[in-house]
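Student: After the structure tokens below, expect a handful of questions from me.
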Amino acid sequence: MTQQYSAPPGPEWLQRGLARRRFLKWTLTASAVMAGAAAGGFLWLRRSPLDRQRIPDWADELSPGEFLLLDRCRRVLLPTEGRDLPDTETVPVVANVQRTLSLLAPALRQQLSQGLGLFDNAAVFRHGSRFVDLDDETARDYFDRWGRGLVLQRTLATVIKQLVYSAYWRDERTWPALEFDGPVSDRWGLAYLGNAPMPEDDGDVQTGIPE
């Protein structure tokens, strides 16, 4: 895989989304359930042949389990074979995700790490193996079922997809397939002004759709 591609500043969508869903409480509860099941005899199922795989030196901010999960997700969620698109090694998807995760506050980063581990290991209960060992069709079905599941499952599936998709499509080598010629702010030389402050709450429901 190639070197990291610079991510845009501030994953505010990720920080807001996880905090809003009380991610810590749910991941701790779910992880405790997983630990209890493992103590009852499922622990051996968490092993994977991929655990012997050497992790690239550049992935030093990801745990081995996180790297294996994200590497599997980019293959499952971005099947570029036979399409006029750069593959997900030419575009360093996992390196881009690592860059995004490095911008998270430490507590939130730890919570997300727990969630990624839960997503990977929960596949044991239905399939007898971790997510990283599922074939492509089964892995996509797993994402679909989590997308229709409990709030925690939907949250995790959505966050992982957003991380992987944004890590791929932010790379300008993917833009020609979309007939996208880049941000207008770059073409017009507009200065970045940062994030606008949140509006005061006046009791009315605000939307992003102009009237």
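So you can find residues: chains in the structure tokens are A, B, ... in the order shown, residues in each start at 1, and ligands are numbered from 1 in order.
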Can you list, as a list of chain:residue names, every protein, DNA or RNA residue that comes within 8 Å of segment 83-89 of chain A when you count only C-alpha atoms, leaving out same-chain residues fewer than 4 positions away?
Tutor: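 Close residues of segment 83-89 of chain A: A:Met1, A:Thr2, A:Arg74, A:Arg75, A:Leu78, A:Val93, A:Tyr168, A:Arg173, A:Thr174, A:Ala177.
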Student: Looking at A:Ser63, A:Ser129, A:Gln111, A:Thr158, which one is nearest to Trp146 of chain A, with distances taken over only C-alpha atoms?
Tutor: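 Result for the nearest residue to Trp146 of chain A: A:Thr158.
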Student: Which one is closest to Gln98 of chain A: A:Val151, A:Val124, A:Leu62, A:Leu134? Count only C-alpha atoms.
Tutor: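 Result for the nearest residue to Gln98 of chain A: A:Leu62.
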Student: Can you work out the spacing between atom CA of Asp141 of chain A and atom CA of Leu163 of chain A in Å, to one decimal?
Tutor: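 Answer for the atom CA of Asp141 of chain A to atom CA of Leu163 of chain A separation: 18.7 Å.
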Student: One number please: atom CA of Pro106 of chain A to atom CA of Val159 of chain A, in Å, one decimal.
Tutor: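 Going from atom CA of Pro106 of chain A over to atom CA of Val159 of chain A covers 17.2 Å.
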Student: Taking into account only C-alpha atoms, which residue in the set A:Arg109, A:Pro92, A:Leu69, A:Phe125 is nearest to Ile160 of chain A?
Tutor: A:Leu69
